[in-house]
There are 2 protein chains.
Amino acid sequence: MKSVNLKQLAQELSLSVSTVSRALNDRYDISQATKDRVRALANQLDYEPNPYASSLRQNKSKTIGVIIPEVANHFFSLAINGIEEVARSNGYHVLIYLTHEEYQREVSMVRLLASGRVDGVLVSVANNADSDFSHLDLLGERNIPVVFFDRVCEGVAAPKVTTDDYDSGYRATRHLLDQGSRVIAHLTIAESLSISQRRMQGYLAALAASGIAFDPELLLRSQNDKVQDVKAIQDLLAQRPDIDGIFATVESMAMSSYEACRNLGRDIPADVKIISFSNLEIAALLAPALTTITQPAYNIGREAARILFQSIIKNRPLSVAQSQELKSELVIRASTASRSAPG
Amino acid sequence: MKSVNLKQLAQELSLSVSTVSRALNDRYDISQATKDRVRALANQLDYEPNPYASSLRQNKSKTIGVIIPEVANHFFSLAINGIEEVARSNGYHVLIYLTHEEYQREVSMVRLLASGRVDGVLVSVANNADSDFSHLDLLGERNIPVVFFDRVCEGVAAPKVTTDDYDSGYRATRHLLDQGSRVIAHLTIAESLSISQRRMQGYLAALAASGIAFDPELLLRSQNDKVQDVKAIQDLLAQRPDIDGIFATVESMAMSSYEACRNLGRDIPADVKIISFSNLEIAALLAPALTTITQPAYNIGREAARILFQSIIKNRPLSVAQSQELKSELVIRASTASRSAPG
DNA sequence: CTGAAAGCGCTAACAA
DNA sequence: TTGTTAGCGCTTTCAG
């Protein structure tokens, strides 16, 4: 059974197509009686308007696109929750695209979305982007509003929803120092990402404030591969047995650090204290419980979507000035305990 | 700058719209010279075809819909990974809908998709569905192929991708018994879900095989709320201090059990052994490491999507016979250790 | 090999 | 208050 269309409804009711259309859209110029008749039949026949016909006609899709590196990561899945919630309450649909941190995929996904398929785009960029973000300009040229969240692109003139990454980096490092760490490794993803840079600047500032010189040997970048990361961290810890603190700017590196420490027989927190950016709900159930900088992931998604919809609904261009910075939370647990480990 | 359309390309090239269309679609009846000319200009102007115009004309959307309870759950996010991968490689787009376990949302989402917005749907049903799945029949009536995964609906004639839930339930319970548990609580989500039923039947069969009578007091259903679940589990453990094993059919209940045990000062595994269905990567890093039944979540998503695309691409109806059952893996860790806890 | 023309289902002027 | 008509951008007969 093919689905019903307006023409069939019109025929059945001996009305014109446009009357039926307007009745269903609850326009003021249609009598209540007609509206009732039309809606009754539409319900009875399970009429659903063809969304592509309306999109074509009205030149809007009631759809937004979300481009993220991956979904199997608590930060992004919480953010999607927030995004989906806002989209749904606005009657919008959500197309999802996963770059798997591959720049080329990001480029082609953006191109796909520049076709009018979506009315707006939310992006958190891939970590090995070439720092060439010209693909994102295409959306601007086509007047498709874009909002960045978390992994933003400084070079593009669009609102950005981020967290207080510099402060968080500072506080995380400060916390390790307060707990007695002196040689603190910094584990990160692509240094090209502005959030990585800010977290690192916070780290550097906290070190400087304590009169500790920065040692570039203590820097380690994720390879986007669990096994390699564990190996790299082990190598680092073996080469530099004086390391007594680890600041991971991404959750996966903290988990890899746990494994590396276990493999090497290093005790957390006695030998090495660990703090990490993380949205793991069960950080408290780890052995030992992980001290985290927790980003308000759900709210980040929600705010980014809200800003986007302000533009979509009021048809107003977005400006960088609408950017928001939310606060992350430092949650202290056993992995950074100074003496005996509680919890 | 508005985006370019076929007409503008045609004008610029002094060709007809249809020629340009056919050139871009690489049809055999267009000369290579023309194709080259057309493609050069299209590239230069960043031409992207309006997807809604093609969808309307061809009556296909190059889009699939995915309806799941939530995304902040490792099982579902891995499944989405698999789905997205298959969709992308087929040139398809993925619309995502989260029910948050609410039946009414599921109903309205299915209705939305019955409009021709998608060429196929993948569903994992909400846990508090009324066992009334008539909303899903609408898709069948509209000839929109559906494949269920994991949380399937037995009543609907569509392929289903599941795991060996009965066996897994049996093995999980058997494992607890082997490790010395005798009074095993069974924590689950909605009993109306067929996967819950199968897991439970496995549990019952394993008990029976050991000559242990089933005690309905040991059954606990999740309230979809962390705080309430922890409370309920604590109450259960307090009321039945003889409980020495917990079989959680969902990850969240295992995490709640960890908290409940910690709150009550019960040692895992000395006092209570815990096993759970779970896709947590870091199960091994918990305190104690969690013994799991791990479902091949990525493959479930991939297989479900593959089956769906078989139907979409060949335009062939799906049959229940295309259902697949994949195997889950029992990963033994410290939470079910019989004496002193390793790892 | 290319062009003209119809039409997918819907909405929005404009008429009546 | 309702009907007529044109057209969104594309694909696809059918002619040439």
# chains A, B, ... in the order shown; residues from 1 in each chain; ligands from 1
$ interface_residues --of "chain B" --to "chain A" --cutoff "7 Å" --atoms "only C-alpha atoms" --output "list in words"
Met1, Lys2, Ser3, Glu48, Pro49, Asn50, Pro51, Tyr52, Ala53, Ser55, Leu56, Val71, Ala72, His74, Ser77, Leu78, His93, Val94, Leu95, Ile96, Ser115, Gly116, Arg117, Glu141, Arg142, Leu285, Leu286 and Ala287 of chain B
$ write_last_selection --atoms "C-alpha atoms" --output "tab-separated table (two decimals), in the first residue's frame"
chain	number	residue	atom	x	y	z
B	1	MET	CA	25.43	33.23	-2.15
B	2	LYS	CA	22.75	30.74	-3.04
B	3	SER	CA	23.87	27.38	-4.27
B	48	GLU	CA	25.80	19.89	-5.14
B	49	PRO	CA	22.51	18.45	-6.35
B	50	ASN	CA	19.50	19.30	-4.26
B	51	PRO	CA	18.82	16.01	-2.52
B	52	TYR	CA	15.17	16.73	-1.91
B	53	ALA	CA	14.43	17.33	-5.53
B	55	SER	CA	14.24	12.27	-3.56
B	56	LEU	CA	10.92	13.63	-4.63
B	71	VAL	CA	22.95	6.74	22.84
B	72	ALA	CA	24.84	7.19	26.08
B	74	HIS	CA	28.12	1.64	25.00
B	77	SER	CA	26.93	3.67	20.46
B	78	LEU	CA	28.96	0.76	19.14
B	93	HIS	CA	22.56	9.14	5.37
B	94	VAL	CA	21.54	8.25	8.91
B	95	LEU	CA	18.76	9.93	10.86
B	96	ILE	CA	18.86	9.19	14.54
B	115	SER	CA	6.17	9.48	5.44
B	116	GLY	CA	8.82	8.46	2.97
B	117	ARG	CA	11.52	10.33	4.81
B	141	GLU	CA	2.11	-1.25	5.14
B	142	ARG	CA	4.09	1.53	3.52
B	285	LEU	CA	39.61	-1.40	35.21
B	286	LEU	CA	36.73	-1.44	37.67
B	287	ALA	CA	37.22	-2.28	41.32
$ interface_residues --of "chain B" --to "chain C" --cutoff "8 Å" --atoms "only C-alpha atoms (C1' of nucleotides)" --output "VMD selection string"
chain B and resid 16 18 to 19 29 to 31 56 to 59
$ closest_atom_pairs --of "chain D" --to "chain B" --cutoff "10 Å" --atoms "only C-alpha atoms (C1' of nucleotides)" --output "JSON lines"
{"residue": "D:DC8", "atom": "C1'", "partner": "B:Ala53", "partner_atom": "CA", "distance": 8.0}
{"residue": "D:DG9", "atom": "C1'", "partner": "B:Ala53", "partner_atom": "CA", "distance": 5.1}
{"residue": "D:DC10", "atom": "C1'", "partner": "B:Ala53", "partner_atom": "CA", "distance": 5.0}
{"residue": "D:DT11", "atom": "C1'", "partner": "B:Arg57", "partner_atom": "CA", "distance": 6.4}
{"residue": "D:DT12", "atom": "C1'", "partner": "B:Ser18", "partner_atom": "CA", "distance": 8.8}
$ write_last_selection --atoms "C-alpha atoms (C1' of nucleotides)" --output "PDB file, in the first residue's frame"
ATOM      1  C1'  DC D   8      10.628  24.385  -6.065  1.00  0.00           C
ATOM      2  C1'  DG D   9      15.089  21.218  -8.737  1.00  0.00           C
ATOM      3  C1'  DC D  10      15.490  17.212 -10.394  1.00  0.00           C
ATOM      4  C1'  DT D  11      14.913  12.801 -13.510  1.00  0.00           C
ATOM      5  C1'  DT D  12      12.970  10.578 -17.309  1.00  0.00           C
TER       6       DT D  12
END
$ select_by_dssp --residues "segment 196-328 of chain A" --states "strand (DSSP E)" --output "PyMOL selection string"
chain A and resi 219-221+245-248+273-277+291-294+324-326
$ write_last_selection --atoms "N, CA and C atoms" --output "compact mmCIF listing (two decimals), in the first residue's frame"
# COMPACT_ATOMS: atom_id res chain seq x y z
N LEU A 219 55.64 15.35 27.05
CA LEU A 219 54.46 15.51 26.20
C LEU A 219 54.23 14.25 25.39
N LEU A 220 52.98 13.77 25.33
CA LEU A 220 52.70 12.60 24.51
C LEU A 220 51.36 12.80 23.81
N ARG A 221 51.37 12.47 22.53
CA ARG A 221 50.18 12.69 21.72
C ARG A 221 49.54 11.34 21.40
N GLY A 245 53.21 12.09 38.00
CA GLY A 245 51.86 12.60 37.77
C GLY A 245 51.54 12.56 36.29
N ILE A 246 50.27 12.29 35.97
CA ILE A 246 49.84 12.29 34.57
C ILE A 246 48.59 13.14 34.46
N PHE A 247 48.63 14.06 33.52
CA PHE A 247 47.45 14.86 33.21
C PHE A 247 47.02 14.47 31.80
N ALA A 248 45.89 13.77 31.70
CA ALA A 248 45.39 13.34 30.40
C ALA A 248 44.28 14.29 29.97
N LYS A 273 50.22 9.76 40.09
CA LYS A 273 48.86 10.27 40.26
C LYS A 273 48.30 10.62 38.89
N ILE A 274 47.02 10.36 38.71
CA ILE A 274 46.42 10.58 37.40
C ILE A 274 45.16 11.42 37.51
N ILE A 275 45.08 12.40 36.62
CA ILE A 275 43.86 13.20 36.49
C ILE A 275 43.54 13.26 35.01
N SER A 276 42.26 13.34 34.69
CA SER A 276 41.89 13.33 33.27
C SER A 276 40.59 14.06 33.01
N PHE A 277 40.51 14.65 31.85
CA PHE A 277 39.22 15.08 31.33
C PHE A 277 38.43 13.80 31.08
N THR A 291 40.21 10.69 39.42
CA THR A 291 39.95 12.13 39.56
C THR A 291 39.75 12.71 38.17
N THR A 292 38.67 13.47 38.01
CA THR A 292 38.35 13.94 36.66
C THR A 292 38.07 15.44 36.60
N ILE A 293 38.28 15.96 35.42
CA ILE A 293 37.70 17.23 35.01
C ILE A 293 36.51 16.83 34.16
N THR A 294 35.32 17.10 34.64
CA THR A 294 34.15 16.63 33.93
C THR A 294 33.47 17.80 33.23
N GLN A 324 29.67 30.58 23.66
CA GLN A 324 29.49 30.41 25.10
C GLN A 324 30.62 29.59 25.67
N GLU A 325 30.95 29.89 26.91
CA GLU A 325 31.93 29.06 27.60
C GLU A 325 31.28 28.53 28.88
N LEU A 326 31.17 27.23 28.98
CA LEU A 326 30.59 26.62 30.18
C LEU A 326 31.71 26.15 31.10
$ residues_around --residues "Leu177 of chain B" --least-positions-apart "3" --cutoff "9 Å" --atoms "only C-alpha atoms (C1' of nucleotides)" --output "PDB file with N, CA and C atoms, in the first residue's frame"
ATOM      1  N   ALA B 172      25.964 -17.428  32.075  1.00  0.00           N
ATOM      2  CA  ALA B 172      26.244 -16.463  33.136  1.00  0.00           C
ATOM      3  C   ALA B 172      25.857 -17.066  34.488  1.00  0.00           C
ATOM      4  N   THR B 173      24.685 -17.647  34.538  1.00  0.00           N
ATOM      5  CA  THR B 173      24.184 -18.207  35.794  1.00  0.00           C
ATOM      6  C   THR B 173      25.026 -19.418  36.201  1.00  0.00           C
ATOM      7  N   ARG B 174      25.291 -20.255  35.212  1.00  0.00           N
ATOM      8  CA  ARG B 174      26.146 -21.426  35.406  1.00  0.00           C
ATOM      9  C   ARG B 174      27.498 -20.997  36.009  1.00  0.00           C
ATOM     10  N   GLY B 180      30.431 -20.798  43.112  1.00  0.00           N
ATOM     11  CA  GLY B 180      29.993 -20.998  44.488  1.00  0.00           C
ATOM     12  C   GLY B 180      28.747 -20.242  44.912  1.00  0.00           C
ATOM     13  N   SER B 181      28.224 -19.392  44.043  1.00  0.00           N
ATOM     14  CA  SER B 181      26.987 -18.688  44.410  1.00  0.00           C
ATOM     15  C   SER B 181      25.831 -19.682  44.469  1.00  0.00           C
ATOM     16  N   ARG B 182      24.908 -19.433  45.385  1.00  0.00           N
ATOM     17  CA  ARG B 182      23.729 -20.288  45.506  1.00  0.00           C
ATOM     18  C   ARG B 182      22.433 -19.495  45.457  1.00  0.00           C
ATOM     19  N   VAL B 183      22.505 -18.254  45.949  1.00  0.00           N
ATOM     20  CA  VAL B 183      21.305 -17.415  45.958  1.00  0.00           C
ATOM     21  C   VAL B 183      21.564 -16.234  45.017  1.00  0.00           C
ATOM     22  N   ILE B 184      21.040 -16.379  43.806  1.00  0.00           N
ATOM     23  CA  ILE B 184      21.427 -15.453  42.744  1.00  0.00           C
ATOM     24  C   ILE B 184      20.287 -14.517  42.360  1.00  0.00           C
ATOM     25  N   ALA B 206      19.469 -22.786  34.142  1.00  0.00           N
ATOM     26  CA  ALA B 206      20.720 -23.095  34.839  1.00  0.00           C
ATOM     27  C   ALA B 206      20.452 -23.420  36.306  1.00  0.00           C
ATOM     28  N   LEU B 207      19.543 -22.665  36.910  1.00  0.00           N
ATOM     29  CA  LEU B 207      19.176 -22.954  38.294  1.00  0.00           C
ATOM     30  C   LEU B 207      18.600 -24.361  38.392  1.00  0.00           C
ATOM     31  N   SER B 210      20.864 -27.179  38.343  1.00  0.00           N
ATOM     32  CA  SER B 210      21.602 -27.377  39.586  1.00  0.00           C
ATOM     33  C   SER B 210      20.668 -27.733  40.738  1.00  0.00           C
ATOM     34  N   GLY B 245      25.071 -13.814  44.887  1.00  0.00           N
ATOM     35  CA  GLY B 245      25.376 -13.655  43.471  1.00  0.00           C
ATOM     36  C   GLY B 245      24.378 -12.715  42.818  1.00  0.00           C
TER      37      GLY B 245
END
$ select_by_dssp --residues "segment 95-296 of chain A" --states "helix (DSSP H, G or I)" --output "JSON, numbers by chain"
{"A": [103, 104, 105, 106, 107, 108, 109, 110, 111, 112, 113, 134, 135, 136, 137, 138, 139, 140, 141, 165, 166, 167, 168, 169, 170, 171, 172, 173, 174, 175, 176, 177, 178, 194, 195, 196, 197, 198, 199, 200, 201, 202, 203, 204, 205, 206, 207, 208, 209, 216, 217, 218, 226, 227, 228, 229, 230, 231, 232, 233, 234, 235, 236, 237, 238, 239, 251, 252, 253, 254, 255, 256, 257, 258, 259, 260, 261, 262, 263, 264, 281, 282, 283, 284, 285]}
$ write_last_selection --atoms "C-alpha atoms" --output "mmCIF file, in the first residue's frame"
data_model
loop_
_atom_site.group_PDB
_atom_site.id
_atom_site.type_symbol
_atom_site.label_atom_id
_atom_site.label_comp_id
_atom_site.auth_asym_id
_atom_site.auth_seq_id
_atom_site.Cartn_x
_atom_site.Cartn_y
_atom_site.Cartn_z
ATOM 1 C CA TYR A 103 39.976 14.728 7.898
ATOM 2 C CA GLN A 104 38.967 13.592 4.430
ATOM 3 C CA ARG A 105 35.696 12.209 5.691
ATOM 4 C CA GLU A 106 34.974 15.457 7.408
ATOM 5 C CA VAL A 107 35.547 17.336 4.188
ATOM 6 C CA SER A 108 33.239 15.154 2.154
ATOM 7 C CA MET A 109 30.565 15.168 4.846
ATOM 8 C CA VAL A 110 30.569 18.930 4.928
ATOM 9 C CA ARG A 111 30.246 19.016 1.177
ATOM 10 C CA LEU A 112 27.259 16.700 1.348
ATOM 11 C CA LEU A 113 25.586 18.996 3.821
ATOM 12 C CA SER A 134 38.320 25.892 4.216
ATOM 13 C CA HIS A 135 35.779 23.115 3.703
ATOM 14 C CA LEU A 136 33.761 24.676 6.488
ATOM 15 C CA ASP A 137 33.631 27.987 4.702
ATOM 16 C CA LEU A 138 31.435 26.401 2.076
ATOM 17 C CA LEU A 139 28.604 26.232 4.596
ATOM 18 C CA GLY A 140 28.965 29.907 5.336
ATOM 19 C CA GLU A 141 28.884 30.751 1.647
ATOM 20 C CA ASP A 165 39.717 24.684 28.985
ATOM 21 C CA TYR A 166 42.528 26.940 30.044
ATOM 22 C CA ASP A 167 41.254 27.159 33.612
ATOM 23 C CA SER A 168 40.570 23.449 33.719
ATOM 24 C CA GLY A 169 44.062 22.670 32.512
ATOM 25 C CA TYR A 170 45.421 24.985 35.139
ATOM 26 C CA ARG A 171 43.316 23.540 37.937
ATOM 27 C CA ALA A 172 44.082 19.968 36.958
ATOM 28 C CA THR A 173 47.802 20.617 36.989
ATOM 29 C CA ARG A 174 47.576 22.704 40.159
ATOM 30 C CA HIS A 175 45.737 19.819 41.808
ATOM 31 C CA LEU A 176 48.472 17.340 40.916
ATOM 32 C CA LEU A 177 51.088 19.751 42.215
ATOM 33 C CA ASP A 178 49.144 20.228 45.429
ATOM 34 C CA SER A 194 42.478 24.841 20.031
ATOM 35 C CA ILE A 195 41.069 23.040 23.039
ATOM 36 C CA SER A 196 44.256 21.008 23.317
ATOM 37 C CA GLN A 197 46.283 24.172 23.133
ATOM 38 C CA ARG A 198 44.274 25.851 25.844
ATOM 39 C CA ARG A 199 44.449 22.877 28.152
ATOM 40 C CA MET A 200 48.144 22.762 27.598
ATOM 41 C CA GLN A 201 48.552 26.473 28.249
ATOM 42 C CA GLY A 202 46.762 25.970 31.551
ATOM 43 C CA TYR A 203 49.193 23.183 32.310
ATOM 44 C CA LEU A 204 52.180 25.354 31.424
ATOM 45 C CA ALA A 205 50.905 28.259 33.474
ATOM 46 C CA ALA A 206 50.374 26.091 36.539
ATOM 47 C CA LEU A 207 53.876 24.667 36.207
ATOM 48 C CA ALA A 208 55.326 28.130 35.815
ATOM 49 C CA ALA A 209 53.422 29.365 38.856
ATOM 50 C CA PRO A 216 58.952 18.722 26.319
ATOM 51 C CA GLU A 217 59.855 15.083 26.856
ATOM 52 C CA LEU A 218 56.821 14.809 29.068
ATOM 53 C CA LYS A 226 44.488 1.923 22.158
ATOM 54 C CA VAL A 227 47.309 -0.571 21.833
ATOM 55 C CA GLN A 228 49.790 1.952 20.506
ATOM 56 C CA ASP A 229 48.845 4.443 23.170
ATOM 57 C CA VAL A 230 49.385 1.962 25.997
ATOM 58 C CA LYS A 231 52.730 1.081 24.518
ATOM 59 C CA ALA A 232 53.760 4.701 24.136
ATOM 60 C CA ILE A 233 52.805 5.509 27.702
ATOM 61 C CA GLN A 234 54.715 2.507 29.012
ATOM 62 C CA ASP A 235 57.760 3.599 27.051
ATOM 63 C CA LEU A 236 57.458 7.082 28.437
ATOM 64 C CA LEU A 237 57.116 5.858 32.007
ATOM 65 C CA ALA A 238 60.034 3.486 31.569
ATOM 66 C CA GLN A 239 62.241 6.137 30.063
ATOM 67 C CA GLU A 251 39.600 10.033 28.670
ATOM 68 C CA SER A 252 41.077 7.384 26.421
ATOM 69 C CA MET A 253 44.596 8.402 27.427
ATOM 70 C CA ALA A 254 43.687 8.066 31.095
ATOM 71 C CA MET A 255 42.418 4.551 30.494
ATOM 72 C CA SER A 256 45.549 3.716 28.576
ATOM 73 C CA SER A 257 47.585 5.144 31.453
ATOM 74 C CA TYR A 258 45.787 2.861 33.891
ATOM 75 C CA GLU A 259 46.694 -0.099 31.740
ATOM 76 C CA ALA A 260 50.256 1.062 31.307
ATOM 77 C CA CYS A 261 50.683 1.517 35.054
ATOM 78 C CA ARG A 262 49.211 -1.867 35.733
ATOM 79 C CA ASN A 263 51.508 -3.484 33.181
ATOM 80 C CA LEU A 264 54.530 -1.801 34.714
ATOM 81 C CA GLU A 281 29.860 7.986 34.807
ATOM 82 C CA ILE A 282 31.661 5.201 36.499
ATOM 83 C CA ALA A 283 34.947 6.973 37.086
ATOM 84 C CA ALA A 284 34.182 6.449 40.761
ATOM 85 C CA LEU A 285 34.079 2.687 40.344
#
